[in-house]
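*Asks:* Sharing start.json (JSON, C-alpha atoms and all ligand atoms) below.
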```json
[["chain", "number", "residue", "atom", "x", "y", "z"],
["A", 1029, "MET", "CA", 15.13, 13.00, 0.93],
["A", 1030, "THR", "CA", 12.72, 15.65, -0.27],
["A", 1031, "LEU", "CA", 9.42, 15.38, -2.10],
["A", 1032, "GLN", "CA", 8.89, 19.16, -2.11],
["A", 1033, "GLY", "CA", 6.32, 20.20, -4.70],
["A", 1034, "GLN", "CA", 5.16, 16.64, -5.36],
["A", 1035, "VAL", "CA", 1.66, 15.22, -5.13],
["A", 1036, "ALA", "CA", 1.25, 11.75, -3.62],
["A", 1037, "VAL", "CA", -1.90, 9.64, -3.41],
["A", 1038, "VAL", "CA", -1.85, 7.12, -0.53],
["A", 1039, "THR", "CA", -4.63, 4.56, -0.07],
["A", 1040, "GLY", "CA", -5.59, 3.06, 3.28],
["A", 1041, "ALA", "CA", -4.12, 6.19, 4.86],
["A", 1042, "SER", "CA", -6.30, 6.41, 7.99],
["A", 1043, "GLN", "CA", -4.25, 4.14, 10.20],
["A", 1044, "GLY", "CA", -1.35, 1.72, 10.51],
["A", 1045, "ILE", "CA", 1.19, 1.55, 7.70],
["A", 1046, "GLY", "CA", -0.80, 3.85, 5.40],
["A", 1047, "LEU", "CA", -0.97, 6.63, 7.99],
["A", 1048, "ALA", "CA", 2.76, 6.28, 8.68],
["A", 1049, "ILE", "CA", 3.42, 6.56, 4.93],
["A", 1050, "ALA", "CA", 1.16, 9.62, 4.59],
["A", 1051, "ARG", "CA", 2.94, 11.28, 7.54],
["A", 1052, "GLU", "CA", 6.40, 10.45, 6.19],
["A", 1053, "LEU", "CA", 5.64, 11.80, 2.70],
["A", 1054, "ALA", "CA", 4.02, 14.95, 4.08],
["A", 1055, "ALA", "CA", 7.03, 15.52, 6.33],
["A", 1056, "ALA", "CA", 9.22, 15.24, 3.22],
["A", 1057, "GLY", "CA", 7.22, 18.07, 1.62],
["A", 1058, "ALA", "CA", 4.67, 16.20, -0.51],
["A", 1059, "ALA", "CA", 1.04, 17.27, -0.82],
["A", 1060, "VAL", "CA", -0.65, 14.07, 0.34],
["A", 1061, "ARG", "CA", -4.03, 12.97, -1.00],
["A", 1062, "ALA", "CA", -5.19, 10.45, 1.59],
["A", 1063, "VAL", "CA", -7.73, 7.81, 0.56],
["A", 1064, "ASP", "CA", -9.63, 5.50, 2.91],
["A", 1065, "ILE", "CA", -13.03, 3.92, 3.23],
["A", 1066, "GLN", "CA", -14.27, 5.45, 6.52],
["A", 1067, "PRO", "CA", -14.60, 9.24, 6.20],
["A", 1068, "GLU", "CA", -14.49, 10.06, 9.94],
["A", 1069, "LYS", "CA", -11.26, 8.18, 10.59],
["A", 1070, "LEU", "CA", -9.73, 9.64, 7.45],
["A", 1071, "VAL", "CA", -10.56, 13.24, 8.38],
["A", 1072, "GLU", "CA", -8.91, 12.68, 11.74],
["A", 1073, "ALA", "CA", -5.76, 11.35, 10.05],
["A", 1074, "VAL", "CA", -5.61, 14.35, 7.73],
["A", 1075, "ARG", "CA", -6.06, 16.70, 10.69],
["A", 1076, "ASP", "CA", -3.16, 14.95, 12.39],
["A", 1077, "ILE", "CA", -0.87, 15.42, 9.37],
["A", 1078, "ARG", "CA", -1.79, 19.09, 9.04],
["A", 1079, "ALA", "CA", -1.20, 19.66, 12.75],
["A", 1080, "ALA", "CA", 2.36, 18.44, 12.19],
["A", 1081, "GLY", "CA", 2.78, 21.05, 9.45],
["A", 1082, "GLY", "CA", 2.11, 18.80, 6.45],
["A", 1083, "ARG", "CA", -0.20, 19.23, 3.46],
["A", 1084, "ALA", "CA", -3.01, 16.67, 3.23],
["A", 1085, "GLU", "CA", -6.52, 16.32, 1.83],
["A", 1086, "ALA", "CA", -9.02, 13.53, 2.44],
["A", 1087, "HIS", "CA", -10.78, 11.46, -0.23],
["A", 1088, "ALA", "CA", -13.22, 8.90, 1.10],
["A", 1089, "ALA", "CA", -13.39, 6.00, -1.35],
["A", 1090, "ASP", "CA", -13.53, 2.23, -1.58],
["A", 1091, "VAL", "CA", -10.46, 1.10, -3.53],
["A", 1092, "SER", "CA", -12.28, -1.97, -4.80],
["A", 1093, "ARG", "CA", -14.61, 0.30, -6.79],
["A", 1094, "GLY", "CA", -13.19, 1.36, -10.16],
["A", 1095, "ASP", "CA", -15.59, 4.30, -10.48],
["A", 1096, "GLN", "CA", -14.54, 5.67, -7.08],
["A", 1097, "ALA", "CA", -10.84, 5.35, -7.95],
["A", 1098, "GLU", "CA", -11.41, 7.27, -11.21],
["A", 1099, "GLU", "CA", -13.30, 9.95, -9.32],
["A", 1100, "VAL", "CA", -10.54, 10.45, -6.73],
["A", 1101, "VAL", "CA", -7.87, 10.68, -9.42],
["A", 1102, "ARG", "CA", -9.97, 13.15, -11.46],
["A", 1103, "ALA", "CA", -10.44, 15.32, -8.37],
["A", 1104, "VAL", "CA", -6.72, 15.30, -7.51],
["A", 1105, "LEU", "CA", -5.69, 16.12, -11.07],
["A", 1106, "ALA", "CA", -8.25, 18.94, -11.21],
["A", 1107, "ALA", "CA", -6.96, 20.43, -7.96],
["A", 1108, "GLU", "CA", -3.23, 19.83, -8.28],
["A", 1109, "GLY", "CA", -2.68, 19.34, -12.01],
["A", 1110, "ARG", "CA", -0.40, 16.34, -11.45],
["A", 1111, "ILE", "CA", 0.13, 13.12, -9.54],
["A", 1112, "ASP", "CA", 3.77, 12.26, -8.95],
["A", 1113, "ALA", "CA", 3.28, 9.21, -6.77],
["A", 1114, "LEU", "CA", 0.70, 6.57, -5.98],
["A", 1115, "VAL", "CA", 1.07, 4.30, -2.97],
["A", 1116, "ASN", "CA", -1.39, 1.41, -3.06],
["A", 1117, "ASN", "CA", -1.50, 0.41, 0.58],
["A", 1118, "ALA", "CA", -5.16, -0.38, 1.44],
["A", 1119, "GLY", "CA", -5.52, -4.04, 2.33],
["A", 1120, "ILE", "CA", -7.61, -6.47, 4.35],
["A", 1121, "THR", "CA", -7.40, -10.02, 5.67],
["A", 1122, "ARG", "CA", -10.14, -12.65, 5.97],
["A", 1123, "ASP", "CA", -8.12, -15.57, 7.29],
["A", 1124, "GLY", "CA", -9.14, -19.21, 7.40],
["A", 1125, "LEU", "CA", -8.04, -22.62, 6.19],
["A", 1126, "LEU", "CA", -9.05, -23.17, 2.58],
["A", 1127, "MET", "CA", -11.34, -26.06, 3.49],
["A", 1128, "ARG", "CA", -13.49, -23.68, 5.50],
["A", 1129, "MET", "CA", -12.95, -20.48, 3.54],
["A", 1130, "LYS", "CA", -16.14, -18.84, 2.37],
["A", 1131, "GLU", "CA", -16.28, -17.65, -1.22],
["A", 1132, "GLU", "CA", -17.12, -14.14, 0.03],
["A", 1133, "ASP", "CA", -13.89, -14.07, 2.05],
["A", 1134, "TRP", "CA", -11.90, -14.99, -1.05],
["A", 1135, "ASP", "CA", -13.71, -12.37, -3.13],
["A", 1136, "ALA", "CA", -13.42, -9.58, -0.54],
["A", 1137, "VAL", "CA", -9.66, -9.98, -0.13],
["A", 1138, "LEU", "CA", -9.01, -10.15, -3.87],
["A", 1139, "ALA", "CA", -11.32, -7.17, -4.49],
["A", 1140, "VAL", "CA", -9.52, -4.85, -2.06],
["A", 1141, "ASN", "CA", -5.93, -6.11, -2.18],
["A", 1142, "LEU", "CA", -5.58, -6.86, -5.89],
["A", 1143, "LYS", "CA", -8.38, -5.16, -7.78],
["A", 1144, "GLY", "CA", -7.87, -2.05, -5.65],
["A", 1145, "VAL", "CA", -4.28, -1.88, -6.92],
["A", 1146, "PHE", "CA", -5.49, -2.34, -10.50],
["A", 1147, "ASN", "CA", -8.18, 0.34, -10.08],
["A", 1148, "PHE", "CA", -5.90, 3.07, -8.75],
["A", 1149, "SER", "CA", -2.92, 2.20, -10.96],
["A", 1150, "ARG", "CA", -5.06, 2.28, -14.10],
["A", 1151, "ALA", "CA", -6.61, 5.56, -13.01],
["A", 1152, "VAL", "CA", -3.24, 7.35, -12.57],
["A", 1153, "VAL", "CA", -1.07, 5.76, -15.23],
["A", 1154, "ARG", "CA", -2.25, 7.77, -18.23],
["A", 1155, "ALA", "CA", -1.46, 11.08, -16.53],
["A", 1156, "MET", "CA", 1.94, 9.78, -15.39],
["A", 1157, "LEU", "CA", 2.86, 8.49, -18.85],
["A", 1158, "GLY", "CA", 1.74, 11.80, -20.35],
["A", 1159, "ARG", "CA", 4.18, 13.66, -18.09],
["A", 1160, "ARG", "CA", 6.85, 11.00, -18.64],
["A", 1161, "SER", "CA", 7.30, 10.79, -14.90],
["A", 1162, "GLY", "CA", 5.71, 8.97, -11.99],
["A", 1163, "ARG", "CA", 6.21, 6.48, -9.20],
["A", 1164, "ILE", "CA", 3.90, 3.69, -8.13],
["A", 1165, "VAL", "CA", 4.63, 1.75, -4.94],
["A", 1166, "ASN", "CA", 2.44, -1.21, -4.08],
["A", 1167, "ILE", "CA", 2.38, -2.67, -0.58],
["A", 1168, "ALA", "CA", 2.59, -6.44, -1.04],
["A", 1169, "SER", "CA", 3.55, -8.84, 1.79],
["A", 1170, "VAL", "CA", 6.12, -11.41, 2.75],
["A", 1171, "VAL", "CA", 3.14, -13.79, 2.69],
["A", 1172, "GLY", "CA", 2.83, -13.26, -1.07],
["A", 1173, "MET", "CA", 6.34, -14.74, -1.40],
["A", 1174, "MET", "CA", 6.40, -17.40, 1.35],
["A", 1175, "GLY", "CA", 2.75, -18.40, 1.60],
["A", 1176, "ASN", "CA", 1.09, -18.81, 4.99],
["A", 1177, "ALA", "CA", -1.33, -21.46, 6.19],
["A", 1178, "GLY", "CA", -4.74, -19.88, 6.73],
["A", 1179, "GLN", "CA", -4.06, -17.02, 4.33],
["A", 1180, "SER", "CA", -4.46, -18.53, 0.85],
["A", 1181, "ASN", "CA", -6.72, -15.64, -0.23],
["A", 1182, "TYR", "CA", -4.35, -13.00, 1.18],
["A", 1183, "ALA", "CA", -1.23, -14.71, -0.20],
["A", 1184, "ALA", "CA", -2.83, -15.03, -3.65],
["A", 1185, "SER", "CA", -3.76, -11.34, -3.62],
["A", 1186, "LYS", "CA", -0.28, -10.24, -2.61],
["A", 1187, "ALA", "CA", 1.50, -12.58, -5.07],
["A", 1188, "GLY", "CA", -0.88, -11.11, -7.64],
["A", 1189, "VAL", "CA", 0.20, -7.59, -6.69],
["A", 1190, "ILE", "CA", 3.83, -8.56, -7.26],
["A", 1191, "GLY", "CA", 3.13, -10.03, -10.73],
["A", 1192, "PHE", "CA", 0.95, -7.05, -11.60],
["A", 1193, "SER", "CA", 3.67, -4.60, -10.53],
["A", 1194, "LYS", "CA", 6.42, -6.29, -12.54],
["A", 1195, "SER", "CA", 4.20, -6.33, -15.64],
["A", 1196, "LEU", "CA", 3.21, -2.68, -15.27],
["A", 1197, "ALA", "CA", 6.85, -1.77, -14.64],
["A", 1198, "ARG", "CA", 7.73, -3.28, -18.03],
["A", 1199, "GLU", "CA", 4.90, -1.35, -19.71],
["A", 1200, "THR", "CA", 5.91, 2.04, -18.28],
["A", 1201, "ALA", "CA", 9.71, 1.97, -17.80],
["A", 1202, "SER", "CA", 10.63, 3.62, -21.10],
["A", 1203, "ARG", "CA", 8.37, 6.55, -20.27],
["A", 1204, "GLY", "CA", 9.82, 7.42, -16.90],
["A", 1205, "VAL", "CA", 7.29, 5.68, -14.67],
["A", 1206, "THR", "CA", 8.64, 3.23, -12.09],
["A", 1207, "VAL", "CA", 6.59, 0.55, -10.35],
["A", 1208, "ASN", "CA", 7.88, -1.28, -7.29],
["A", 1209, "CYS", "CA", 6.61, -3.29, -4.34],
["A", 1210, "ILE", "CA", 7.41, -3.21, -0.68],
["A", 1211, "ALA", "CA", 6.83, -6.58, 0.97],
["A", 1212, "PRO", "CA", 6.53, -5.99, 4.71],
["A", 1213, "GLY", "CA", 7.02, -8.84, 7.14],
["A", 1214, "TYR", "CA", 5.26, -8.70, 10.49],
["A", 1215, "ILE", "CA", 4.46, -5.05, 11.27],
["A", 1216, "ALA", "CA", 2.70, -4.13, 14.52],
["A", 1217, "THR", "CA", -0.64, -2.58, 13.44],
["A", 1218, "ALA", "CA", -4.36, -3.20, 13.96],
["A", 1219, "MET", "CA", -4.10, -5.90, 11.27],
["A", 1220, "THR", "CA", -1.69, -7.96, 13.38],
["A", 1221, "ASP", "CA", -2.69, -6.86, 16.91],
["A", 1222, "GLY", "CA", -5.62, -9.26, 16.95],
["A", 1223, "LEU", "CA", -3.58, -12.39, 16.24],
["A", 1224, "PRO", "CA", -3.43, -14.96, 19.05],
["A", 1225, "GLU", "CA", -0.32, -14.74, 21.28],
["A", 1226, "ASP", "CA", 0.94, -18.17, 20.16],
["A", 1227, "VAL", "CA", 0.79, -17.11, 16.51],
["A", 1228, "LYS", "CA", 2.71, -13.91, 17.34],
["A", 1229, "LYS", "CA", 5.32, -16.01, 19.18],
["A", 1230, "THR", "CA", 5.71, -18.31, 16.18],
["A", 1231, "PHE", "CA", 6.24, -15.31, 13.88],
["A", 1232, "LEU", "CA", 8.82, -13.84, 16.25],
["A", 1233, "GLU", "CA", 10.81, -17.08, 16.08],
["A", 1234, "LEU", "CA", 10.97, -16.71, 12.28],
["A", 1235, "ILE", "CA", 12.42, -13.19, 12.44],
["A", 1236, "PRO", "CA", 16.23, -13.12, 12.70],
["A", 1237, "MET", "CA", 16.10, -9.55, 14.10],
["A", 1238, "LYS", "CA", 13.84, -10.87, 16.90],
["A", 1239, "ARG", "CA", 11.39, -7.99, 16.85],
["A", 1240, "PHE", "CA", 8.31, -6.93, 14.94],
["A", 1241, "GLY", "CA", 8.56, -4.02, 12.51],
["A", 1242, "ALA", "CA", 6.95, -0.61, 12.99],
["A", 1243, "PRO", "CA", 4.82, 1.15, 10.38],
["A", 1244, "GLU", "CA", 7.58, 3.76, 10.08],
["A", 1245, "ASP", "CA", 10.01, 1.07, 8.90],
["A", 1246, "VAL", "CA", 7.78, 0.57, 5.86],
["A", 1247, "ALA", "CA", 7.13, 4.30, 5.42],
["A", 1248, "ARG", "CA", 10.85, 5.08, 5.17],
["A", 1249, "ALA", "CA", 11.29, 2.46, 2.45],
["A", 1250, "VAL", "CA", 8.39, 3.99, 0.52],
["A", 1251, "LEU", "CA", 9.97, 7.44, 0.83],
["A", 1252, "PHE", "CA", 13.21, 6.03, -0.58],
["A", 1253, "LEU", "CA", 11.38, 4.53, -3.59],
["A", 1254, "LEU", "CA", 9.68, 7.86, -4.27],
["A", 1255, "SER", "CA", 12.88, 9.88, -3.95],
["A", 1256, "ASP", "CA", 15.44, 10.78, -6.62],
["A", 1257, "ALA", "CA", 17.77, 8.21, -5.05],
["A", 1258, "ALA", "CA", 15.58, 5.42, -6.50],
["A", 1259, "SER", "CA", 15.22, 6.73, -10.05],
["A", 1260, "TYR", "CA", 16.87, 3.63, -11.63],
["A", 1261, "ILE", "CA", 14.88, 1.09, -9.59],
["A", 1262, "THR", "CA", 11.80, -0.51, -11.15],
["A", 1263, "GLY", "CA", 10.03, -3.86, -11.07],
["A", 1264, "GLN", "CA", 11.56, -4.71, -7.69],
["A", 1265, "VAL", "CA", 10.23, -6.11, -4.46],
["A", 1266, "ILE", "CA", 11.93, -4.70, -1.36],
["A", 1267, "GLY", "CA", 11.46, -6.78, 1.77],
["A", 1268, "VAL", "CA", 11.02, -4.87, 5.05],
["A", 1269, "ASN", "CA", 10.88, -7.88, 7.31],
["A", 1270, "GLY", "CA", 13.80, -8.05, 9.78],
["A", 1271, "GLY", "CA", 15.25, -10.91, 7.73],
["A", 1272, "MET", "CA", 12.15, -13.11, 7.97],
["A", 1273, "TYR", "CA", 12.40, -13.93, 4.28],
["A", 1274, "MET", "CA", 15.63, -13.61, 2.27],
["B", 1301, "LIG", "P1", -4.72, -1.75, 8.74],
["B", 1301, "LIG", "O1", -4.21, -1.19, 10.03],
["B", 1301, "LIG", "O2", -5.88, -2.67, 8.76],
["B", 1301, "LIG", "O3", -5.04, -0.50, 7.76],
["B", 1301, "LIG", "C1", -5.58, -0.69, 6.48],
["B", 1301, "LIG", "C2", -6.39, 0.54, 6.10],
["B", 1301, "LIG", "O4", -6.99, 0.29, 4.81],
["B", 1301, "LIG", "C3", -7.55, 0.78, 7.08],
["B", 1301, "LIG", "O5", -7.69, 2.14, 7.36],
["B", 1301, "LIG", "C4", -8.73, 0.24, 6.31],
["B", 1301, "LIG", "O6", -9.96, 0.80, 6.68],
["B", 1301, "LIG", "C5", -8.36, 0.63, 4.89],
["B", 1301, "LIG", "N1", -9.19, -0.09, 3.93],
["B", 1301, "LIG", "C6", -9.66, -1.35, 4.01],
["B", 1301, "LIG", "N2", -10.42, -1.65, 2.96],
["B", 1301, "LIG", "C7", -10.45, -0.55, 2.18],
["B", 1301, "LIG", "C8", -11.09, -0.23, 0.96],
["B", 1301, "LIG", "N3", -11.87, -1.12, 0.33],
["B", 1301, "LIG", "N4", -10.92, 1.00, 0.43],
["B", 1301, "LIG", "C9", -10.16, 1.93, 1.08],
["B", 1301, "LIG", "N5", -9.52, 1.67, 2.24],
["B", 1301, "LIG", "C10", -9.67, 0.47, 2.78],
["B", 1301, "LIG", "O7", -3.58, -2.51, 7.97],
["B", 1301, "LIG", "P2", -1.97, -2.33, 7.95],
["B", 1301, "LIG", "O8", -1.39, -3.36, 8.83],
["B", 1301, "LIG", "O9", -1.60, -0.89, 8.13],
["B", 1301, "LIG", "O10", -1.69, -2.78, 6.46],
["B", 1301, "LIG", "C11", -1.49, -1.88, 5.38],
["B", 1301, "LIG", "C12", -1.02, -2.67, 4.16],
["B", 1301, "LIG", "O11", 0.17, -3.38, 4.48],
["B", 1301, "LIG", "C13", -2.02, -3.72, 3.70],
["B", 1301, "LIG", "O12", -2.01, -3.80, 2.29],
["B", 1301, "LIG", "C14", -1.46, -5.00, 4.29],
["B", 1301, "LIG", "O13", -1.86, -6.13, 3.57],
["B", 1301, "LIG", "C15", 0.02, -4.74, 4.18],
["B", 1301, "LIG", "N6", 0.83, -5.56, 5.09],
["B", 1301, "LIG", "C16", 0.69, -5.44, 6.44],
["B", 1301, "LIG", "C17", 1.48, -6.22, 7.26],
["B", 1301, "LIG", "C18", 1.41, -6.15, 8.76],
["B", 1301, "LIG", "O14", 2.10, -6.95, 9.40],
["B", 1301, "LIG", "N7", 0.65, -5.25, 9.34],
["B", 1301, "LIG", "C19", 2.40, -7.12, 6.70],
["B", 1301, "LIG", "C20", 2.50, -7.20, 5.33],
["B", 1301, "LIG", "C21", 1.71, -6.40, 4.53],
["B", 1301, "LIG", "P3", -10.91, -0.02, 7.74],
["B", 1301, "LIG", "O15", -10.12, -0.14, 9.00],
["B", 1301, "LIG", "O16", -12.09, 0.84, 7.84],
["B", 1301, "LIG", "O17", -11.18, -1.33, 7.08]]
```
Before anything else, please render the file you have as structure tokens.

*Replies:*
Amino acid sequence: MTLQGQVAVVTGASQGIGLAIARELAAAGAAVRAVDIQPEKLVEAVRDIRAAGGRAEAHAADVSRGDQAEEVVRAVLAAEGRIDALVNNAGITRDGLLMRMKEEDWDAVLAVNLKGVFNFSRAVVRAMLGRRSGRIVNIASVVGMMGNAGQSNYAASKAGVIGFSKSLARETASRGVTVNCIAPGYIATAMTDGLPEDVKKTFLELIPMKRFGAPEDVARAVLFLLSDAASYITGQVIGVNGGMYM
């Protein structure tokens, strides 16, 4: 699957699933515009992609800030003249039972996970519609479909991403722009590394394939959705979860 000559914006690209996506797209020939909140980590990620022979540029930005999203998109369009793909991957967790959840933990998760998707999608969509071509892939979560005790803020944000994506898909389908979600299950990254061993064990019991996913499992599904092979797919949620949710 080739993305030769294409320009792809990936958020949360410094580590974990986002870095795996950025690497995968660059290896397929895309010019990757990597977005993340911490400049130092991001520059290192971009260096890594270039060392492997890929094209990548760093854009430090906070996805929850609409003005910063607009600025990144303006800069990419000025430099490249086009954006073929947007992968909204940046996400955070602030777990806790609802009874004890602080309002700031609710707000922070919704601001990054849901408003961040709105900010970047709105910033790119006009240019995509103008060219009658574009792909948006939003990284949701199995938790947005199943729910998970202790993650009401995260689940709400990810269910929101799914509803947002289906609505935007309906708005843009006739003009060649597809919008889809990937809903990963349990993927071994910094986000999940810190979970207590008993929680990890409980998750493992829920996964028919009896193993956690790797960031590359998600990255390959993103590449598929951005490729020509997926041109008739829009408004869908693809689970990458080892069968955890069917
Ligand atoms: P991760 O390792 O924590 O990476 C997320 C990246 O996003 C980090 O580099 C983080 O930077 C960055 N980020 C956080 N807030 C940001 C902001 N406001 N603006 C720009 N960048 C920001 O997480 P991951 O496991 O790779 O997860 C990636 C995506 O997959 C998330 O949307 C997550 O919800 C989703 N997902 C993950 C799993 C899983 O099992 N890992 C399962 C389902 C869905 P800092 O480190 O500096 O905060």

*Asks:* Using all atoms listed in the file for the distances, tell me which of A:Val1207, A:Ala1079, A:Ile1111, A:Leu1232 is nearest to ligand LIG 1301 (chain B).

*Replies:* A:Leu1232

*Asks:* Around ligand LIG 1301 (chain B), at most 6 Å away and counting all atoms listed in the file, which residues are there? Put them as JSON, numbers by chain, please.

*Replies:* {"A": [1040, 1041, 1042, 1043, 1044, 1045, 1046, 1064, 1065, 1066, 1089, 1090, 1091, 1092, 1117, 1118, 1119, 1120, 1140, 1167, 1168, 1169, 1212, 1213, 1214, 1215, 1216, 1217, 1218, 1219, 1220]}

*Asks:* Generate the output file for the selected residues, C-alpha atoms, as a PDB file, in the coordinates of the input.

*Replies:*
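Written file, selection.pdb:
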```pdb
ATOM      1  CA  GLY A1040      -5.590   3.060   3.280  1.00  0.00           C
ATOM      2  CA  ALA A1041      -4.120   6.190   4.860  1.00  0.00           C
ATOM      3  CA  SER A1042      -6.300   6.410   7.990  1.00  0.00           C
ATOM      4  CA  GLN A1043      -4.250   4.140  10.200  1.00  0.00           C
ATOM      5  CA  GLY A1044      -1.350   1.720  10.510  1.00  0.00           C
ATOM      6  CA  ILE A1045       1.190   1.550   7.700  1.00  0.00           C
ATOM      7  CA  GLY A1046      -0.800   3.850   5.400  1.00  0.00           C
ATOM      8  CA  ASP A1064      -9.630   5.500   2.910  1.00  0.00           C
ATOM      9  CA  ILE A1065     -13.030   3.920   3.230  1.00  0.00           C
ATOM     10  CA  GLN A1066     -14.270   5.450   6.520  1.00  0.00           C
ATOM     11  CA  ALA A1089     -13.390   6.000  -1.350  1.00  0.00           C
ATOM     12  CA  ASP A1090     -13.530   2.230  -1.580  1.00  0.00           C
ATOM     13  CA  VAL A1091     -10.460   1.100  -3.530  1.00  0.00           C
ATOM     14  CA  SER A1092     -12.280  -1.970  -4.800  1.00  0.00           C
ATOM     15  CA  ASN A1117      -1.500   0.410   0.580  1.00  0.00           C
ATOM     16  CA  ALA A1118      -5.160  -0.380   1.440  1.00  0.00           C
ATOM     17  CA  GLY A1119      -5.520  -4.040   2.330  1.00  0.00           C
ATOM     18  CA  ILE A1120      -7.610  -6.470   4.350  1.00  0.00           C
ATOM     19  CA  VAL A1140      -9.520  -4.850  -2.060  1.00  0.00           C
ATOM     20  CA  ILE A1167       2.380  -2.670  -0.580  1.00  0.00           C
ATOM     21  CA  ALA A1168       2.590  -6.440  -1.040  1.00  0.00           C
ATOM     22  CA  SER A1169       3.550  -8.840   1.790  1.00  0.00           C
ATOM     23  CA  PRO A1212       6.530  -5.990   4.710  1.00  0.00           C
ATOM     24  CA  GLY A1213       7.020  -8.840   7.140  1.00  0.00           C
ATOM     25  CA  TYR A1214       5.260  -8.700  10.490  1.00  0.00           C
ATOM     26  CA  ILE A1215       4.460  -5.050  11.270  1.00  0.00           C
ATOM     27  CA  ALA A1216       2.700  -4.130  14.520  1.00  0.00           C
ATOM     28  CA  THR A1217      -0.640  -2.580  13.440  1.00  0.00           C
ATOM     29  CA  ALA A1218      -4.360  -3.200  13.960  1.00  0.00           C
ATOM     30  CA  MET A1219      -4.100  -5.900  11.270  1.00  0.00           C
ATOM     31  CA  THR A1220      -1.690  -7.960  13.380  1.00  0.00           C
TER      32      THR A1220
END
```

*Asks:* Work out how far apart CA of Ala1106 (chain A) and CA of Gly1158 (chain A) are and give it in Å to one decimal.

*Replies:*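 One can read the CA of Ala1106 (chain A) to CA of Gly1158 (chain A) distance as 15.3 Å.
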
*Asks:* Pick the closest to Asp1123 (chain A) from A:Ser1185, A:Gln1179, A:Asn1141, A:Gln1096: which is it, counting all atoms listed in the file?

*Replies:*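 So, comparing all the options, the nearest one is A:Gln1179.
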
*Asks:* Expressed in Å to a single decimal, how great is the separation between CA of Ala1151 (chain A) and CA of Glu1072 (chain A)?

*Replies:*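 Straight-line distance from CA of Ala1151 (chain A) to CA of Glu1072 (chain A) works out to 25.9 Å.
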